[in-house]
$ cat protein-v8.txt   # compact mmCIF, C-alpha atoms
# COMPACT_ATOMS: atom_id res chain seq x y z
CA MET A 236 93.58 82.29 78.08
CA ARG A 237 97.10 82.03 79.49
CA LEU A 238 100.07 80.57 77.66
CA SER A 239 100.31 77.82 80.29
CA ASP A 240 96.82 76.69 79.24
CA ILE A 241 98.19 75.55 75.90
CA PRO A 242 99.29 71.89 76.07
CA ALA A 243 103.06 71.56 75.69
CA ALA A 244 102.64 69.36 72.65
CA ALA A 245 100.56 72.00 70.88
CA LEU A 246 102.65 75.04 71.82
CA THR A 247 105.43 74.54 69.28
CA GLU A 248 102.86 74.27 66.51
CA ARG A 249 100.99 77.34 67.78
CA ILE A 250 104.17 79.42 67.79
CA ALA A 251 105.15 78.18 64.33
CA ALA A 252 101.75 79.34 63.06
CA GLY A 253 101.85 82.60 65.05
CA LEU A 254 101.05 83.06 68.72
CA GLY A 255 99.30 86.19 69.93
CA LEU A 256 100.97 87.40 73.12
CA GLN A 257 99.82 90.28 75.31
CA THR A 258 102.51 92.14 77.20
CA GLY A 259 101.41 95.32 78.89
CA PRO A 260 99.47 97.44 76.42
CA PHE A 261 101.02 95.68 73.42
CA ARG A 262 99.95 92.63 71.49
CA PHE A 263 102.62 90.75 69.62
CA LEU A 264 102.10 88.04 67.04
CA VAL A 265 105.15 85.84 67.55
CA GLN A 266 106.07 83.36 64.87
CA SER A 267 108.98 80.95 65.00
CA SER A 268 109.87 77.34 64.45
CA GLU A 269 112.89 77.56 66.75
CA ALA A 270 112.72 75.13 69.65
CA GLY A 271 114.58 77.64 71.84
CA VAL A 272 111.85 80.22 71.32
CA ALA A 273 109.16 77.71 72.28
CA ARG A 274 111.07 76.68 75.39
CA GLY A 275 111.68 80.29 76.40
CA LEU A 276 108.08 81.35 75.90
CA SER A 277 106.80 78.25 77.68
CA GLN A 278 108.93 78.87 80.76
CA LEU A 279 109.05 82.66 80.98
CA TYR A 280 105.69 83.75 79.58
CA ALA A 281 103.56 81.01 81.14
CA ASP A 282 101.30 83.49 82.95
CA PHE A 283 100.82 85.84 80.02
CA GLU A 284 97.57 86.20 78.13
CA VAL A 285 97.64 84.73 74.66
CA GLY A 286 95.40 85.19 71.63
CA PRO A 287 93.87 84.75 69.23
CA PHE A 288 93.46 88.53 69.07
CA ASP A 289 91.77 90.45 66.28
CA LEU A 290 94.65 92.90 65.97
CA HIS A 291 98.33 92.89 66.85
CA ASP A 292 100.62 95.85 67.37
CA PHE A 293 103.69 93.99 66.16
CA HIS A 294 104.12 90.95 63.91
CA VAL A 295 107.49 89.49 64.81
CA SER A 296 109.37 86.38 63.83
CA ILE A 297 112.56 84.54 64.60
CA ARG A 298 113.56 82.60 61.53
CA ARG A 299 116.58 81.10 59.85
CA PRO A 300 117.92 83.19 56.98
CA ALA A 301 118.20 81.51 53.62
CA GLY A 302 121.47 80.04 52.44
CA LEU A 303 124.10 77.63 53.63
CA ARG A 304 124.01 79.09 57.12
CA ARG A 305 120.73 77.28 57.59
CA TRP A 306 122.77 74.12 57.95
CA ILE A 307 126.29 75.07 59.02
CA ARG A 308 126.52 76.88 62.36
CA PRO A 309 122.92 77.96 61.86
CA GLN A 310 121.81 81.47 62.61
CA VAL A 311 118.49 83.12 63.30
CA GLU A 312 117.25 86.60 62.62
CA PHE A 313 114.55 88.72 64.15
CA ALA A 314 112.06 90.44 61.88
CA MET A 315 109.13 92.77 62.35
CA ASP A 316 106.72 92.86 59.45
CA GLY A 317 109.45 91.21 57.39
CA PHE A 318 112.04 93.86 58.27
CA SER A 319 115.18 92.70 60.07
CA PRO A 320 116.75 95.49 62.12
CA PHE A 321 119.58 93.34 63.51
CA ILE A 322 122.26 91.12 62.07
CA PRO A 323 121.58 87.37 62.38
CA LEU A 324 122.81 85.66 65.55
CA PRO A 325 123.68 82.06 66.39
CA ALA A 326 120.58 79.89 66.59
CA ASP A 327 121.07 79.24 70.29
CA HIS A 328 120.53 82.97 70.90
CA ALA A 329 117.04 82.74 69.43
CA PHE A 330 115.08 83.55 72.56
CA ALA A 331 117.44 86.35 73.63
CA GLN A 332 117.10 87.84 70.17
CA LEU A 333 113.33 87.66 70.40
CA GLU A 334 113.48 89.60 73.69
CA TRP A 335 115.79 92.24 72.22
CA GLY A 336 113.61 92.46 69.16
CA MET A 337 110.45 92.94 71.20
CA ASN A 338 112.18 95.70 73.15
CA TRP A 339 113.19 97.31 69.87
CA CYS A 340 109.62 97.16 68.55
CA ILE A 341 108.36 99.05 71.57
CA ALA A 342 111.24 101.51 71.87
CA ALA A 343 111.15 102.39 68.19
CA HIS A 344 107.41 102.69 67.76
CA ALA A 345 105.38 103.26 70.95
CA HIS A 346 105.60 107.03 70.87
CA HIS A 347 102.19 107.47 72.39
CA TYR A 348 104.12 107.00 75.67
CA LEU A 349 107.16 108.75 77.04
CA MET A 350 109.65 105.89 77.25
CA LEU A 351 112.43 106.18 79.80
CA HIS A 352 115.35 103.78 79.83
CA ALA A 353 114.77 102.58 83.34
CA ALA A 354 113.43 99.73 85.40
CA VAL A 355 110.33 100.43 87.45
CA LEU A 356 108.73 98.50 90.29
CA GLU A 357 105.84 99.10 92.66
CA LYS A 358 105.05 98.38 96.26
CA ASN A 359 102.42 99.85 98.57
CA GLY A 360 101.03 101.83 95.65
CA GLN A 361 104.33 103.63 95.05
CA ALA A 362 106.25 103.15 91.84
CA VAL A 363 110.03 103.48 92.07
CA ILE A 364 111.90 104.30 88.87
CA LEU A 365 115.44 102.95 88.59
CA PRO A 366 117.41 104.59 85.81
CA GLY A 367 120.84 103.11 85.52
CA ASP A 368 123.89 103.36 83.40
CA PRO A 369 125.22 100.07 82.05
CA GLY A 370 126.99 98.19 84.81
CA ALA A 371 125.12 99.98 87.58
CA GLY A 372 123.51 96.72 88.68
CA LYS A 373 120.00 97.81 87.76
CA SER A 374 118.82 94.46 86.42
CA THR A 375 120.26 92.48 89.33
CA LEU A 376 118.58 94.81 91.76
CA THR A 377 115.34 94.67 89.80
CA ALA A 378 115.39 90.87 89.87
CA ALA A 379 116.05 90.82 93.61
CA LEU A 380 113.16 93.22 94.20
CA VAL A 381 110.88 91.10 92.01
CA LEU A 382 111.79 88.07 94.11
CA SER A 383 111.14 90.03 97.31
CA GLY A 384 107.50 90.85 96.72
CA TRP A 385 107.75 93.93 94.53
CA ARG A 386 105.51 94.21 91.50
CA LEU A 387 107.52 94.41 88.30
CA LEU A 388 106.30 97.16 86.01
CA SER A 389 109.25 96.94 83.64
CA ASP A 390 112.91 96.04 83.77
CA GLU A 391 113.99 98.10 80.76
CA ILE A 392 111.41 100.51 79.37
CA THR A 393 109.43 102.73 81.73
CA LEU A 394 106.22 103.73 79.95
CA ILE A 395 104.72 107.02 81.08
CA ASP A 396 101.14 107.68 80.09
CA ARG A 397 100.97 111.03 78.34
CA ASP A 398 97.46 111.72 79.63
CA ASP A 399 97.81 111.11 83.35
CA GLY A 400 101.56 110.72 83.94
CA GLN A 401 101.13 107.29 85.50
CA ILE A 402 103.37 104.32 84.84
CA VAL A 403 101.89 101.79 82.44
CA PRO A 404 102.98 98.24 83.34
CA LEU A 405 105.08 96.36 80.86
CA ALA A 406 106.10 93.32 82.86
CA ARG A 407 108.38 91.11 80.80
CA PRO A 408 111.14 88.67 81.72
CA VAL A 409 114.02 90.43 83.48
CA SER A 410 117.24 90.32 81.49
CA LEU A 411 120.20 89.11 83.55
CA LYS A 412 123.78 89.23 82.40
CA ASN A 413 126.95 87.41 83.34
CA ALA A 414 127.57 87.18 87.10
CA SER A 415 124.09 88.41 87.95
CA ILE A 416 122.60 85.17 86.60
CA ASP A 417 124.17 83.08 89.37
CA ILE A 418 123.68 85.83 91.94
CA ILE A 419 119.95 85.78 91.34
CA ARG A 420 119.82 82.00 91.05
CA SER A 421 121.29 81.71 94.52
CA PHE A 422 119.34 84.69 95.88
CA SER A 423 116.00 82.91 95.87
CA GLN A 424 114.71 79.42 95.21
CA ALA A 425 111.69 81.06 93.64
CA ALA A 426 113.83 82.36 90.80
CA SER A 427 112.81 80.73 87.54
CA ILE A 428 115.53 81.53 85.06
CA GLY A 429 115.50 80.47 81.43
CA GLU A 430 118.31 79.05 79.36
CA THR A 431 121.55 81.03 79.21
CA ALA A 432 122.64 82.39 75.85
CA LEU A 433 126.43 82.33 75.91
CA ASP A 434 128.82 84.70 74.16
CA THR A 435 126.27 87.26 73.05
CA HIS A 436 127.40 90.84 72.46
CA LYS A 437 126.35 91.44 76.08
CA GLY A 438 128.12 88.35 77.39
CA SER A 439 126.02 85.57 78.91
CA VAL A 440 122.34 86.44 79.01
CA ALA A 441 119.41 84.73 80.72
CA HIS A 442 115.95 85.88 81.71
CA LEU A 443 114.06 85.75 84.98
CA ARG A 444 110.39 84.86 84.77
CA PRO A 445 108.22 87.65 86.20
CA MET A 446 106.09 86.65 89.19
CA PRO A 447 102.45 85.87 88.37
CA ASP A 448 101.16 88.84 90.35
CA SER A 449 103.06 91.26 88.09
CA VAL A 450 101.59 89.65 85.00
CA LEU A 451 98.04 89.39 86.28
CA ARG A 452 98.02 93.06 87.36
CA MET A 453 99.30 94.31 84.02
CA ASP A 454 96.27 96.60 83.59
CA GLU A 455 96.92 98.36 86.89
CA LYS A 456 98.88 101.57 86.39
CA ALA A 457 101.04 102.99 89.17
CA GLN A 458 101.89 106.45 90.41
CA PRO A 459 105.58 107.37 90.25
CA ARG A 460 106.77 108.35 93.74
CA HIS A 461 110.52 107.82 93.84
CA ILE A 462 113.45 107.90 91.46
CA VAL A 463 116.54 106.05 92.64
CA PHE A 464 119.79 105.97 90.69
CA PRO A 465 121.47 102.77 91.88
CA ARG A 466 125.17 102.06 91.63
CA TRP A 467 126.68 98.75 92.64
CA LYS A 468 130.21 99.13 93.95
CA SER A 469 132.36 96.34 95.34
CA GLN A 470 132.71 96.45 99.13
CA ALA A 471 130.58 99.59 99.40
CA LEU A 472 128.42 100.09 102.43
CA LEU A 473 125.00 101.33 101.50
CA THR A 474 125.02 105.09 101.20
CA ARG A 475 122.28 107.37 99.98
CA HIS A 476 122.53 110.90 98.69
CA PRO A 477 119.83 113.32 97.61
CA GLN A 478 119.84 113.94 93.88
CA ASP A 479 118.88 117.37 92.59
CA LYS A 480 115.96 117.21 90.22
CA ALA A 481 117.48 119.32 87.48
CA SER A 482 120.35 116.85 87.10
CA ALA A 483 117.94 113.92 87.37
CA PHE A 484 115.85 115.52 84.63
CA ILE A 485 118.83 115.72 82.28
CA HIS A 486 119.76 112.11 83.00
CA LEU A 487 116.20 110.87 82.36
CA ALA A 488 115.86 112.94 79.19
CA SER A 489 119.20 111.91 77.76
CA HIS A 490 118.46 108.24 78.40
CA ALA A 491 114.86 108.27 77.21
CA PHE A 492 114.01 106.44 74.02
CA ASN A 493 111.85 109.17 72.56
CA TYR A 494 112.38 112.37 74.53
CA ASN A 495 113.52 114.36 71.51
CA LEU A 496 110.71 113.03 69.39
CA LEU A 497 108.03 114.15 71.83
CA GLY A 498 109.62 117.57 72.37
CA PRO A 499 107.67 119.86 74.71
CA LEU A 500 105.33 117.05 75.74
CA ALA A 501 108.34 115.03 76.91
CA PHE A 502 109.61 118.04 78.84
CA ARG A 503 106.29 118.42 80.62
CA LEU A 504 105.92 114.70 81.33
CA THR A 505 109.45 114.43 82.68
CA LYS A 506 108.95 117.53 84.81
CA ASN A 507 105.62 116.26 86.12
CA THR A 508 107.18 112.90 86.95
CA LEU A 509 109.93 114.59 88.93
CA ASP A 510 107.32 116.80 90.66
CA THR A 511 105.72 113.72 92.19
CA CYS A 512 108.94 111.91 93.10
CA THR A 513 111.69 111.97 95.66
CA CYS A 514 115.05 111.67 94.03
CA GLN A 515 118.23 110.07 95.29
CA ARG A 516 121.35 108.08 94.48
CA ILE A 517 122.45 104.98 96.30
CA TRP A 518 125.70 103.06 96.33
CA TYR A 519 125.60 99.48 97.55
CA SER A 520 127.40 96.17 97.38
CA GLN A 521 125.00 93.89 99.25
CA LEU A 522 121.57 93.16 97.81
CA ASP A 523 120.10 92.76 101.29
CA ASP A 524 121.17 96.29 102.21
CA ALA A 525 119.64 97.66 99.04
CA LEU A 526 116.39 95.75 99.63
CA ALA A 527 116.15 97.16 103.15
CA PHE A 528 116.59 100.65 101.73
CA PHE A 529 113.79 100.13 99.22
CA SER A 530 111.46 98.68 101.85
CA GLU A 531 112.01 101.71 104.02
CA LEU A 532 111.48 103.99 101.04
CA VAL A 533 107.90 102.83 100.46
CA ALA A 534 106.97 101.99 104.07
CA MET B 215 129.62 152.56 74.02
CA ARG B 216 125.99 151.69 74.26
CA THR B 217 125.18 148.47 76.12
CA LEU B 218 123.39 145.89 74.03
CA HIS B 219 119.90 145.03 75.09
CA TRP B 220 118.67 141.46 74.83
CA ARG B 221 115.51 139.53 74.31
CA ILE B 222 114.28 135.99 73.94
CA PRO B 223 113.79 135.34 70.21
CA PRO B 224 110.04 135.36 69.50
CA ASP B 225 110.17 131.91 67.93
CA ALA B 226 112.41 130.32 70.58
CA SER B 227 109.53 128.51 72.32
CA LEU B 228 111.20 128.25 75.71
CA ILE B 229 109.89 126.40 78.73
CA TRP B 230 111.90 126.43 81.92
CA HIS B 231 111.51 125.19 85.43
CA CYS B 232 113.31 125.26 88.75
CA TRP B 233 112.17 123.06 91.63
CA PRO B 234 111.65 124.69 95.02
CA GLY B 235 114.80 124.60 97.12
CA GLU B 236 117.03 123.90 94.13
CA HIS B 237 119.46 126.20 92.37
CA GLU B 238 119.47 124.98 88.80
CA TYR B 239 116.97 125.28 86.01
CA VAL B 240 115.97 122.96 83.24
CA LEU B 241 115.24 124.69 79.97
CA TYR B 242 113.46 123.34 76.92
CA HIS B 243 114.29 125.20 73.72
CA GLY B 244 111.52 124.36 71.31
CA ALA B 245 113.07 125.95 68.24
CA ALA B 246 116.12 123.69 68.55
CA ASN B 247 114.32 120.81 70.28
CA GLN B 248 117.06 120.81 72.90
CA THR B 249 117.02 120.65 76.68
CA HIS B 250 119.62 122.30 78.89
CA GLN B 251 120.51 122.56 82.55
CA LEU B 252 121.17 126.14 83.60
CA ALA B 253 122.71 127.83 86.60
CA GLU B 254 120.20 129.70 88.71
CA THR B 255 121.43 133.11 87.56
CA ALA B 256 121.01 132.16 83.91
CA GLY B 257 117.49 130.92 84.57
CA LEU B 258 116.67 134.11 86.41
CA PHE B 259 118.01 136.16 83.52
CA LEU B 260 115.61 134.39 81.17
CA ALA B 261 112.76 135.11 83.58
CA PHE B 262 113.97 138.72 83.68
CA LEU B 263 113.78 138.97 79.91
CA ALA B 264 110.44 137.18 79.81
CA SER B 265 109.04 139.81 82.16
CA GLY B 266 109.65 142.42 79.47
CA GLU B 267 113.01 143.71 80.70
CA SER B 268 115.88 143.93 78.24
CA ASP B 269 118.61 145.99 79.89
CA PRO B 270 121.42 143.79 81.21
CA ASP B 271 122.75 146.65 83.34
CA HIS B 272 119.55 146.46 85.33
CA PHE B 273 120.07 142.73 85.85
CA GLN B 274 123.68 143.32 86.81
CA ARG B 275 122.54 145.76 89.51
CA MET B 276 120.16 143.10 90.78
CA LEU B 277 123.03 140.62 90.96
CA ARG B 278 125.12 143.14 92.88
CA ASP B 279 122.22 143.90 95.25
CA GLU B 280 121.92 140.19 95.96
CA GLY B 281 125.57 140.11 96.99
CA ILE B 282 126.78 138.12 94.02
CA GLU B 283 130.51 138.62 93.58
CA GLN B 284 131.87 139.97 90.32
CA PRO B 285 128.45 140.55 88.78
CA GLU B 286 129.98 141.89 85.55
CA GLU B 287 131.74 138.60 84.93
CA VAL B 288 128.73 136.56 85.94
CA LEU B 289 126.53 138.52 83.57
CA ALA B 290 129.04 138.32 80.73
CA HIS B 291 129.20 134.57 81.17
CA ILE B 292 125.39 134.28 81.20
CA LEU B 293 125.05 136.37 78.06
CA GLU B 294 127.71 134.42 76.22
CA ALA B 295 126.29 131.04 77.21
CA LEU B 296 122.66 131.87 76.46
CA HIS B 297 123.53 133.59 73.20
CA GLN B 298 125.54 130.57 72.13
CA LEU B 299 122.44 128.43 72.76
CA ASP B 300 120.37 130.88 70.66
CA VAL B 301 117.92 131.39 73.48
CA ILE B 302 118.65 135.13 73.65
CA GLU B 303 119.47 137.64 70.94
CA PRO B 304 120.68 141.23 70.97
CA ILE B 305 118.24 143.95 70.03
CA ASP B 306 118.63 147.55 69.03
CA ALA B 307 117.60 149.47 72.11
CA ALA B 308 117.89 152.86 70.44
$ encode --input "protein-v8.txt" --output "structure tokens"
Amino acid sequence: MRLSDIPAAALTERIAAGLGLQTGPFRFLVQSSEAGVARGLSQLYADFEVGPFDLHDFHVSIRRPAGLRRWIRPQVEFAMDGFSPFIPLPADHAFAQLEWGMNWCIAAHAHHYLMLHAAVLEKNGQAVILPGDPGAGKSTLTAALVLSGWRLLSDEITLIDRDDGQIVPLARPVSLKNASIDIIRSFSQAASIGETALDTHKGSVAHLRPMPDSVLRMDEKAQPRHIVFPRWKSQALLTRHPQDKASAFIHLASHAFNYNLLGPLAFRLTKNTLDTCTCQRIWYSQLDDALAFFSELVA
Amino acid sequence: MRTLHWRIPPDASLIWHCWPGEHEYVLYHGAANQTHQLAETAGLFLAFLASGESDPDHFQRMLRDEGIEQPEEVLAHILEALHQLDVIEPIDAA
């Protein structure tokens, strides 16, 4: 059963009671009475499989903390199993906080995978990993690739299977920030972007709905073939440079969520990933140039 | 003065790798749960020790034979850096 199969009138009630939501290998039980959460899930998770499931990996909620703040400039807080890892945020950030909270659940607990801080997409059977420092334009590029026929495997957390080294899909809405929201809105009419949360600690934040193909193929792992470190730079013509693998290794390891925790296993998995991949850096200013580069990469 | 000999500490749990065509190594130091990027000569020195060698003079001659300039300084730098990381330790070669 897909979330879009639930009648709109019943969805709010379902979420208030607890909605089972499958995203990649994880099952969340999402509970909230916030209208913003219901709207976000309805628009951005329409193609996702929903429960009831017998078991859930994470029980999460977005709820209003007790006290006067329930009524005056109301806030919401994310909780997993009753534990709130973040400070409360304004109520109109409810959906964004749910997304951040779900990311936190995975990043802090799913240590049966090596988790790299990177986007990852697939085309022609080749997964391309996009690590990126903040401001590198990774999410904008990821969104443009998603809207250009690439399968989204993840926009934030690259899951590497410890048994076979393949990428485990974790397609979720793509987080867009600030100027990239309008860039992607005007990039493609197919872009379905949720409500914008203004003045968050990351600025304005909105999410792009993943394409149905990425959601429906969530069980289909992909072989890593390329690692590309993107860097958006104003006015830059597209340039590409080979990246040595030792430096790429250090970057991946230092930006992984659980490299230190997995120790020698993480070393081997990172090494094996680099063994199977080409490795390069690109600078770009125009999305079309970058898209042409990626098409050529997996041709 | 007798030259110190060196070895990899038995409990260091090192794994290292260098990709073909590249000149730098990645090193995992299990005892410290740390990962480092090493210059090629430093990686080769670890491989040298792992092969059962311990005499740095021998390695220095190899550096000289390979045409590496100022092998004494290169070796001294390698020894200092690797010792600081606790991935090598001096031994009594008497």
$ interface_residues --input "protein-v8.txt" --of "chain B" --to "chain A" --cutoff "9 Å" --atoms "only C-alpha atoms" --output "PyMOL selection string"
chain B and resi 229+231-233+236-244+247-252
$ residues_around --input "protein-v8.txt" --residues "range 310-325 of chain A" --least-positions-apart "4" --cutoff "10 Å" --atoms "all atoms listed in the file" --output "PyMOL selection string"
chain A and resi 263-267+269+293-301+304-306+329-337+339-340+432-436
$ closest_residue --input "protein-v8.txt" --among "A:Arg386, A:Ile395, A:Gly360, A:Thr431" --to "Asp417 in chain A" --atoms "all atoms listed in the file"
A:Thr431
$ axis_aligned_box --input "protein-v8.txt" --around "range 262-281 of chain A" --padding-each-side "3 Å" --output "lines of an AutoDock Vina configuration file"
center_x = 107.3
center_y = 83.9
center_z = 72.8
size_x = 20.6
size_y = 23.5
size_z = 22.7
$ atom_distance --input "protein-v8.txt" --atom1 "CA of Ile418 in chain A" --atom2 "CA of Val381 in chain A"
13.8 Å
$ residues_near_point --input "protein-v8.txt" --point "(112.3, 112.2, 96.2)" --cutoff "7 Å" --atoms "all atoms listed in the file" --output "list of chain:residue names"
A:His461, A:Ile462, A:Cys512, A:Thr513, A:Cys514, A:Gln515
$ residues_around --input "protein-v8.txt" --residues "Phe259 in chain B" --least-positions-apart "4" --cutoff "9 Å" --atoms "all atoms listed in the file" --output "JSON list (two decimals) with C-alpha atoms, in the frame of the given file"
[["chain", "number", "residue", "atom", "x", "y", "z"],
["B", 254, "GLU", "CA", 120.20, 129.70, 88.71],
["B", 255, "THR", "CA", 121.43, 133.11, 87.56],
["B", 263, "LEU", "CA", 113.78, 138.97, 79.91],
["B", 264, "ALA", "CA", 110.44, 137.18, 79.81],
["B", 270, "PRO", "CA", 121.42, 143.79, 81.21],
["B", 273, "PHE", "CA", 120.07, 142.73, 85.85],
["B", 289, "LEU", "CA", 126.53, 138.52, 83.57],
["B", 292, "ILE", "CA", 125.39, 134.28, 81.20],
["B", 293, "LEU", "CA", 125.05, 136.37, 78.06]]
$ residues_around --input "protein-v8.txt" --residues "Pro408 in chain A" --least-positions-apart "2" --cutoff "6 Å" --atoms "all atoms listed in the file" --output "list in words"
His442, Leu443, Arg444 and Pro445 of chain A
$ residues_near_point --input "protein-v8.txt" --point "(102.0, 110.4, 70.1)" --cutoff "10 Å" --atoms "all atoms listed in the file" --output "list in words"
His344, Ala345, His346, His347, Tyr348, Leu349, Arg397, Leu496, Leu497 and Leu500 of chain A
$ closest_residue --input "protein-v8.txt" --among "A:Pro260, A:Pro459, A:Gly429, A:Gly384" --to "Glu284 in chain A" --atoms "all atoms listed in the file"
A:Pro260
$ decode --input "protein-v8.txt" --residues "range 238-246 of chain A" --atoms "all heavy atoms" --output "compact mmCIF listing (two decimals), in the first residue's frame"
# COMPACT_ATOMS: atom_id res chain seq x y z
N LEU A 238 1.36 5.53 0.26
CA LEU A 238 0.76 6.60 1.06
C LEU A 238 -0.36 7.28 0.28
O LEU A 238 -1.38 7.68 0.85
CB LEU A 238 1.83 7.60 1.47
CG LEU A 238 1.40 8.65 2.49
CD1 LEU A 238 2.54 8.94 3.48
CD2 LEU A 238 0.98 9.95 1.85
N SER A 239 -0.19 7.41 -1.05
CA SER A 239 -1.21 8.08 -1.85
C SER A 239 -2.51 7.29 -1.91
O SER A 239 -3.54 7.82 -2.34
CB SER A 239 -0.69 8.31 -3.27
OG SER A 239 -0.32 7.09 -3.86
N ASP A 240 -2.48 6.02 -1.48
CA ASP A 240 -3.71 5.23 -1.45
C ASP A 240 -4.60 5.61 -0.27
O ASP A 240 -5.78 5.22 -0.22
CB ASP A 240 -3.39 3.72 -1.35
CG ASP A 240 -2.66 3.23 -2.59
OD1 ASP A 240 -2.91 3.79 -3.68
OD2 ASP A 240 -1.84 2.30 -2.47
N ILE A 241 -4.03 6.29 0.69
CA ILE A 241 -4.83 6.68 1.86
C ILE A 241 -5.63 7.94 1.51
O ILE A 241 -5.04 8.94 1.07
CB ILE A 241 -3.94 6.98 3.08
CG1 ILE A 241 -3.09 5.76 3.42
CG2 ILE A 241 -4.77 7.41 4.29
CD1 ILE A 241 -2.06 6.00 4.52
N PRO A 242 -6.94 7.93 1.66
CA PRO A 242 -7.74 9.13 1.36
C PRO A 242 -7.26 10.31 2.19
O PRO A 242 -6.89 10.16 3.36
CB PRO A 242 -9.17 8.73 1.75
CG PRO A 242 -9.16 7.23 1.78
CD PRO A 242 -7.77 6.81 2.13
N ALA A 243 -7.24 11.49 1.53
CA ALA A 243 -6.71 12.69 2.20
C ALA A 243 -7.39 12.91 3.54
O ALA A 243 -6.73 13.30 4.53
CB ALA A 243 -6.90 13.89 1.28
N ALA A 244 -8.68 12.66 3.59
CA ALA A 244 -9.41 12.93 4.83
C ALA A 244 -8.95 12.01 5.96
O ALA A 244 -9.03 12.38 7.15
CB ALA A 244 -10.91 12.75 4.60
N ALA A 245 -8.46 10.84 5.60
CA ALA A 245 -8.07 9.87 6.64
C ALA A 245 -6.60 9.99 7.02
O ALA A 245 -6.17 9.49 8.07
CB ALA A 245 -8.35 8.45 6.14
N LEU A 246 -5.81 10.67 6.19
CA LEU A 246 -4.37 10.68 6.40
C LEU A 246 -3.98 11.36 7.72
O LEU A 246 -3.14 10.85 8.47
CB LEU A 246 -3.66 11.37 5.22
CG LEU A 246 -2.13 11.35 5.27
CD1 LEU A 246 -1.60 9.92 5.29
CD2 LEU A 246 -1.54 12.11 4.10
